[in-house]
file protein_23.tsv (TSV, C-alpha atoms)
chain	number	residue	atom	x	y	z
A	1	MET	CA	85.56	142.99	120.36
A	2	PHE	CA	88.98	144.57	120.00
A	3	PHE	CA	92.35	143.38	121.29
A	4	ILE	CA	95.28	145.28	122.70
A	5	GLY	CA	98.65	143.58	122.30
A	6	ILE	CA	101.38	144.48	124.76
A	7	ILE	CA	104.99	143.53	124.20
A	8	THR	CA	106.75	143.96	127.52
A	9	ASN	CA	108.93	142.00	129.87
A	10	GLN	CA	107.18	139.40	131.97
A	11	LYS	CA	107.62	141.15	135.31
A	12	ASN	CA	105.50	144.08	134.08
A	13	GLU	CA	102.47	141.97	133.13
A	14	LEU	CA	100.79	141.85	136.55
A	15	TYR	CA	101.31	145.58	137.11
A	16	ILE	CA	99.90	146.37	133.67
A	17	ARG	CA	96.82	144.21	134.30
A	18	ASN	CA	96.23	146.09	137.55
A	19	ALA	CA	96.83	149.50	135.94
A	20	LEU	CA	94.32	148.74	133.15
A	21	SER	CA	91.75	146.82	135.23
A	22	ASN	CA	89.41	149.83	135.58
A	23	PHE	CA	90.01	150.89	132.01
A	24	LEU	CA	89.86	147.80	129.76
A	25	GLN	CA	88.45	144.33	130.15
A	26	GLU	CA	91.18	141.82	130.92
A	27	GLU	CA	90.17	139.53	128.05
A	28	ASN	CA	90.94	142.35	125.59
A	29	ILE	CA	94.62	142.42	126.62
A	30	ILE	CA	97.09	139.93	125.16
A	31	PHE	CA	100.72	139.93	126.22
A	32	ILE	CA	103.15	139.12	123.41
A	33	ASN	CA	106.69	137.76	123.75
A	34	ASP	CA	109.19	135.76	121.70
A	35	LYS	CA	107.74	132.48	123.01
A	36	ASN	CA	104.09	133.04	122.06
A	37	ILE	CA	104.33	135.38	119.05
A	38	SER	CA	103.92	132.59	116.48
A	39	ASN	CA	100.80	131.29	118.27
A	40	ILE	CA	98.89	134.56	118.00
A	41	LYS	CA	99.40	135.38	114.34
A	42	ASN	CA	95.65	135.07	113.63
A	43	VAL	CA	94.62	137.59	116.29
A	44	ARG	CA	93.65	140.97	114.89
A	45	PHE	CA	94.84	143.73	117.21
A	46	GLU	CA	93.50	147.25	117.28
A	47	THR	CA	96.55	148.56	119.16
A	48	ILE	CA	99.96	147.15	120.00
A	49	ILE	CA	102.34	148.61	122.55
A	50	ILE	CA	105.98	147.72	121.83
A	51	ASP	CA	107.84	148.31	125.07
A	52	TYR	CA	110.35	145.48	124.81
A	53	LYS	CA	112.61	144.15	122.08
A	54	ILE	CA	111.26	141.16	120.18
A	55	ASP	CA	113.62	139.15	118.00
A	56	ASN	CA	111.18	137.59	115.52
A	57	LYS	CA	110.80	140.57	113.17
A	58	GLN	CA	108.78	138.74	110.49
A	59	GLU	CA	106.15	137.50	112.96
A	60	LEU	CA	105.99	140.97	114.52
A	61	ARG	CA	105.41	142.57	111.11
A	62	ASN	CA	102.66	140.05	110.37
A	63	ILE	CA	100.92	140.89	113.64
A	64	ILE	CA	101.13	144.67	113.29
A	65	SER	CA	100.20	144.73	109.59
A	66	ASN	CA	96.45	144.96	110.40
A	67	THR	CA	96.76	147.12	113.49
A	68	LYS	CA	95.36	150.66	113.78
A	69	TYR	CA	97.82	151.99	116.37
A	70	VAL	CA	101.36	151.06	117.31
A	71	ILE	CA	102.66	152.70	120.48
A	72	LEU	CA	106.42	152.31	120.30
A	73	ASN	CA	109.10	152.86	122.92
A	74	SER	CA	111.66	154.70	120.79
A	75	ASP	CA	114.41	154.03	123.34
A	76	ILE	CA	114.55	150.29	122.66
A	77	GLU	CA	116.48	148.81	119.78
A	78	THR	CA	113.86	148.21	117.10
A	79	ASN	CA	114.19	147.64	113.39
A	80	LEU	CA	111.77	150.31	112.15
A	81	GLU	CA	111.80	148.83	108.65
A	82	ILE	CA	109.06	146.47	109.83
A	83	LEU	CA	106.73	149.49	109.85
A	84	ASN	CA	107.43	150.48	106.23
A	85	ASP	CA	104.46	150.46	103.84
A	86	LEU	CA	101.93	149.77	106.61
A	87	LYS	CA	98.83	151.93	107.00
A	88	LEU	CA	98.78	152.51	110.71
A	89	THR	CA	99.31	155.26	113.22
A	90	VAL	CA	102.68	155.04	114.96
A	91	ILE	CA	103.01	156.93	118.23
A	92	THR	CA	106.52	156.94	119.68
A	93	TYR	CA	107.60	157.79	123.20
A	94	GLY	CA	110.78	158.05	125.18
A	95	PHE	CA	113.76	160.27	125.88
A	96	ASN	CA	114.37	160.71	122.15
A	97	ASN	CA	113.55	164.35	121.28
A	98	LYS	CA	112.01	163.26	117.96
A	99	ALA	CA	109.45	160.99	119.65
A	100	THR	CA	105.76	161.86	119.52
A	101	PHE	CA	105.78	161.95	123.34
A	102	THR	CA	109.03	163.03	124.98
A	103	VAL	CA	109.89	162.94	128.65
A	104	SER	CA	110.07	166.45	130.12
A	105	SER	CA	110.60	165.58	133.77
A	106	ILE	CA	110.82	162.54	136.02
A	107	GLU	CA	109.99	162.60	139.71
A	108	GLU	CA	109.82	159.67	142.08
A	109	ASN	CA	106.05	159.16	141.68
A	110	SER	CA	105.28	161.03	138.48
A	111	ILE	CA	106.52	161.71	134.97
A	112	ILE	CA	105.73	164.71	132.80
A	113	ILE	CA	105.55	163.90	129.10
A	114	CYS	CA	105.16	166.37	126.26
A	115	LEU	CA	103.11	165.66	123.15
A	116	GLN	CA	105.17	167.09	120.27
A	117	ARG	CA	102.56	167.02	117.50
A	118	ILE	CA	98.83	166.55	116.95
A	119	ILE	CA	97.46	163.03	117.27
A	120	TYR	CA	93.94	161.64	117.15
A	121	ASN	CA	92.32	159.32	119.65
A	122	LYS	CA	90.18	156.29	118.86
A	123	ASN	CA	87.11	158.50	118.41
A	124	LYS	CA	88.99	160.70	115.90
A	125	GLU	CA	89.15	163.60	118.38
A	126	LYS	CA	92.18	165.83	118.01
A	127	ILE	CA	94.73	165.94	120.83
A	128	GLU	CA	96.84	169.09	120.62
A	129	PRO	CA	100.51	169.34	121.69
A	130	GLN	CA	100.67	169.77	125.46
A	131	GLU	CA	102.20	168.32	128.60
A	132	PHE	CA	100.67	165.49	130.61
A	133	GLU	CA	101.51	164.43	134.13
A	134	ILE	CA	101.56	160.68	134.66
A	135	LYS	CA	101.20	159.17	138.10
A	136	CYS	CA	103.56	156.20	138.21
A	137	VAL	CA	102.17	152.77	138.98
A	138	GLU	CA	104.30	151.29	141.72
A	139	GLY	CA	106.44	148.40	140.46
A	140	LEU	CA	106.05	149.34	136.80
A	141	GLU	CA	109.08	150.54	134.84
A	142	LYS	CA	109.07	154.23	133.80
A	143	HIS	CA	108.87	153.56	130.05
A	144	THR	CA	106.03	151.11	130.55
A	145	ASN	CA	104.15	153.69	132.65
A	146	ILE	CA	104.40	156.09	129.72
A	147	GLY	CA	103.19	153.53	127.16
A	148	ILE	CA	100.19	152.56	129.29
A	149	SER	CA	99.31	156.23	129.85
A	150	ILE	CA	99.38	156.89	126.10
A	151	LEU	CA	97.10	153.89	125.59
A	152	LYS	CA	94.64	155.37	128.09
A	153	LEU	CA	94.82	158.73	126.34
A	154	ILE	CA	93.97	157.17	122.98
A	155	TYR	CA	91.07	155.13	124.36
A	156	LYS	CA	89.69	157.92	126.59

call {"tool": "encode", "arguments": {"input": "protein_23.tsv", "output": "structure tokens"}}
result
Amino acid sequence: MFFIGIITNQKNELYIRNALSNFLQEENIIFINDKNISNIKNVRFETIIIDYKIDNKQELRNIISNTKYVILNSDIETNLEILNDLKLTVITYGFNNKATFTVSSIEENSIIICLQRIIYNKNKEKIEPQEFEIKCVEGLEKHTNIGISILKLIYK
């Protein structure tokens, strides 16, 4: 059994559960925040989405140290030093033009993101640079929509 850790604000949790309900089993998803981060230090995550700032940098580093994938919102203030010397795949997204996935266009109900460089999914299949259209989940913030879509792409 594998676990997906999602660091997001609390109002997104219900929308994320609904967006992933046909994709992942609910018991595989663990939401992480400043209040519960010290209680989940023994959970081994396969992937962590960082879509919200977390203040406890040491606990966060301990959690991501054994993770395969980190999907990181590059538009939030994050101390990237916590990722130094870790053997994991970091996939960034946001409006930053150096991110792995950058935002090309935003419409009311969709977002077009552009993959800037080759990445590999969970099955080690190559995903070439290209654009993807994301249908927005109603009630979910734009950045969170992107992070969840990247998660689906990796676990496809």

call {"tool": "residues_around", "arguments": {"input": "protein_23.tsv", "residues": "Ser74 of chain A", "least_positions_apart": "6", "cutoff": "8 Å", "atoms": "all atoms listed in the file", "output": "PyMOL selection string"}}
result
chain A and resi 92-96+99

call {"tool": "atom_distance", "arguments": {"input": "protein_23.tsv", "atom1": "atom CA of Ile37 of chain A", "atom2": "atom CA of Asn56 of chain A"}}
result
8.0 Å

call {"tool": "closest_residue", "arguments": {"input": "protein_23.tsv", "among": "A:Glu26, A:Asp51, A:Asp75, A:Glu141", "to": "Ile111 of chain A", "atoms": "all atoms listed in the file"}}
result
A:Glu141

call {"tool": "closest_residue", "arguments": {"input": "protein_23.tsv", "among": "A:Thr8, A:Asn66, A:Thr89, A:Gln25", "to": "Ile54 of chain A", "atoms": "only C-alpha atoms"}}
result
A:Thr8

call {"tool": "residues_near_point", "arguments": {"input": "protein_23.tsv", "point": "(102.2, 149.5, 139.6)", "cutoff": "8 Å", "atoms": "only C-alpha atoms", "output": "list in words"}}
result
Tyr15, Ile16, Asn18, Ala19, Cys136, Val137, Glu138, Gly139 and Leu140 of chain A

call {"tool": "residues_around", "arguments": {"input": "protein_23.tsv", "residues": "Ser104 of chain A", "least_positions_apart": "4", "cutoff": "7 Å", "atoms": "only C-alpha atoms", "output": "PDB file with C-alpha atoms, in the frame of the given file"}}
result
ATOM      1  CA  ILE A 112     105.730 164.710 132.800  1.00  0.00           C
ATOM      2  CA  ILE A 113     105.550 163.900 129.100  1.00  0.00           C
ATOM      3  CA  CYS A 114     105.160 166.370 126.260  1.00  0.00           C
TER       4      CYS A 114
END

call {"tool": "atom_distance", "arguments": {"input": "protein_23.tsv", "atom1": "atom CA of Lys68 of chain A", "atom2": "atom CA of Thr144 of chain A"}}
result
19.9 Å

call {"tool": "residues_around", "arguments": {"input": "protein_23.tsv", "residues": "Gln130 of chain A", "least_positions_apart": "5", "cutoff": "10 Å", "atoms": "all atoms listed in the file", "output": "PyMOL selection string"}}
result
chain A and resi 101+113-118

call {"tool": "build_atoms", "arguments": {"input": "protein_23.tsv", "residues": "segment 51-87 of chain A", "atoms": "N, CA and C atoms", "output": "compact mmCIF listing (two decimals), in the coordinates of the input"}}
result
# COMPACT_ATOMS: atom_id res chain seq x y z
N ASP A 51 107.05 147.76 123.98
CA ASP A 51 107.84 148.31 125.07
C ASP A 51 109.06 147.44 125.38
N TYR A 52 109.28 146.44 124.56
CA TYR A 52 110.35 145.48 124.81
C TYR A 52 110.79 144.92 123.47
N LYS A 53 112.07 144.66 123.34
CA LYS A 53 112.61 144.15 122.08
C LYS A 53 112.11 142.73 121.82
N ILE A 54 111.68 142.50 120.60
CA ILE A 54 111.26 141.16 120.18
C ILE A 54 112.14 140.78 118.98
N ASP A 55 112.65 139.56 119.01
CA ASP A 55 113.62 139.15 118.00
C ASP A 55 112.99 138.69 116.69
N ASN A 56 111.81 138.14 116.72
CA ASN A 56 111.18 137.59 115.52
C ASN A 56 110.51 138.71 114.73
N LYS A 57 111.28 139.40 113.91
CA LYS A 57 110.80 140.57 113.17
C LYS A 57 109.70 140.24 112.16
N GLN A 58 109.79 139.09 111.49
CA GLN A 58 108.78 138.74 110.49
C GLN A 58 107.42 138.48 111.15
N GLU A 59 107.41 137.75 112.24
CA GLU A 59 106.15 137.50 112.96
C GLU A 59 105.58 138.81 113.49
N LEU A 60 106.44 139.69 114.01
CA LEU A 60 105.99 140.97 114.52
C LEU A 60 105.36 141.80 113.40
N ARG A 61 105.98 141.83 112.25
CA ARG A 61 105.41 142.57 111.11
C ARG A 61 104.06 141.99 110.71
N ASN A 62 103.94 140.67 110.70
CA ASN A 62 102.66 140.05 110.37
C ASN A 62 101.57 140.46 111.35
N ILE A 63 101.91 140.54 112.61
CA ILE A 63 100.92 140.89 113.64
C ILE A 63 100.51 142.36 113.52
N ILE A 64 101.48 143.25 113.31
CA ILE A 64 101.13 144.67 113.29
C ILE A 64 100.58 145.14 111.94
N SER A 65 100.62 144.30 110.92
CA SER A 65 100.20 144.73 109.59
C SER A 65 98.72 145.13 109.52
N ASN A 66 97.87 144.61 110.40
CA ASN A 66 96.45 144.96 110.40
C ASN A 66 96.05 145.78 111.62
N THR A 67 97.01 146.38 112.26
CA THR A 67 96.76 147.12 113.49
C THR A 67 96.48 148.59 113.16
N LYS A 68 95.62 149.23 113.96
CA LYS A 68 95.36 150.66 113.78
C LYS A 68 96.46 151.51 114.39
N TYR A 69 96.83 151.20 115.63
CA TYR A 69 97.82 151.99 116.37
C TYR A 69 98.97 151.11 116.81
N VAL A 70 100.19 151.66 116.70
CA VAL A 70 101.36 151.06 117.31
C VAL A 70 101.95 152.13 118.22
N ILE A 71 102.05 151.81 119.49
CA ILE A 71 102.66 152.70 120.48
C ILE A 71 104.03 152.13 120.75
N LEU A 72 105.07 152.85 120.35
CA LEU A 72 106.42 152.31 120.30
C LEU A 72 107.38 153.06 121.22
N ASN A 73 108.04 152.32 122.09
CA ASN A 73 109.10 152.86 122.92
C ASN A 73 110.29 153.11 122.01
N SER A 74 110.58 154.37 121.74
CA SER A 74 111.66 154.70 120.79
C SER A 74 113.05 154.53 121.40
N ASP A 75 113.12 154.22 122.68
CA ASP A 75 114.41 154.03 123.34
C ASP A 75 114.90 152.59 123.30
N ILE A 76 114.08 151.67 122.79
CA ILE A 76 114.55 150.29 122.66
C ILE A 76 115.07 150.09 121.24
N GLU A 77 115.93 149.12 121.10
CA GLU A 77 116.48 148.81 119.78
C GLU A 77 115.40 148.09 118.97
N THR A 78 114.91 148.77 117.95
CA THR A 78 113.86 148.21 117.10
C THR A 78 114.22 148.46 115.65
N ASN A 79 113.98 147.49 114.82
CA ASN A 79 114.19 147.64 113.39
C ASN A 79 112.92 148.28 112.82
N LEU A 80 112.96 149.59 112.59
CA LEU A 80 111.77 150.31 112.15
C LEU A 80 111.35 149.98 110.73
N GLU A 81 112.17 149.24 110.01
CA GLU A 81 111.80 148.83 108.65
C GLU A 81 110.55 147.95 108.65
N ILE A 82 110.26 147.31 109.77
CA ILE A 82 109.06 146.47 109.83
C ILE A 82 107.79 147.30 109.73
N LEU A 83 107.90 148.62 109.93
CA LEU A 83 106.73 149.49 109.85
C LEU A 83 106.54 150.09 108.46
N ASN A 84 107.52 149.92 107.57
CA ASN A 84 107.43 150.48 106.23
C ASN A 84 106.23 149.93 105.47
N ASP A 85 105.58 150.81 104.74
CA ASP A 85 104.46 150.46 103.84
C ASP A 85 103.24 149.92 104.57
N LEU A 86 103.11 150.19 105.86
CA LEU A 86 101.93 149.77 106.61
C LEU A 86 101.06 150.99 106.88
N LYS A 87 99.75 150.83 106.75
CA LYS A 87 98.83 151.93 107.00
C LYS A 87 98.35 151.84 108.44
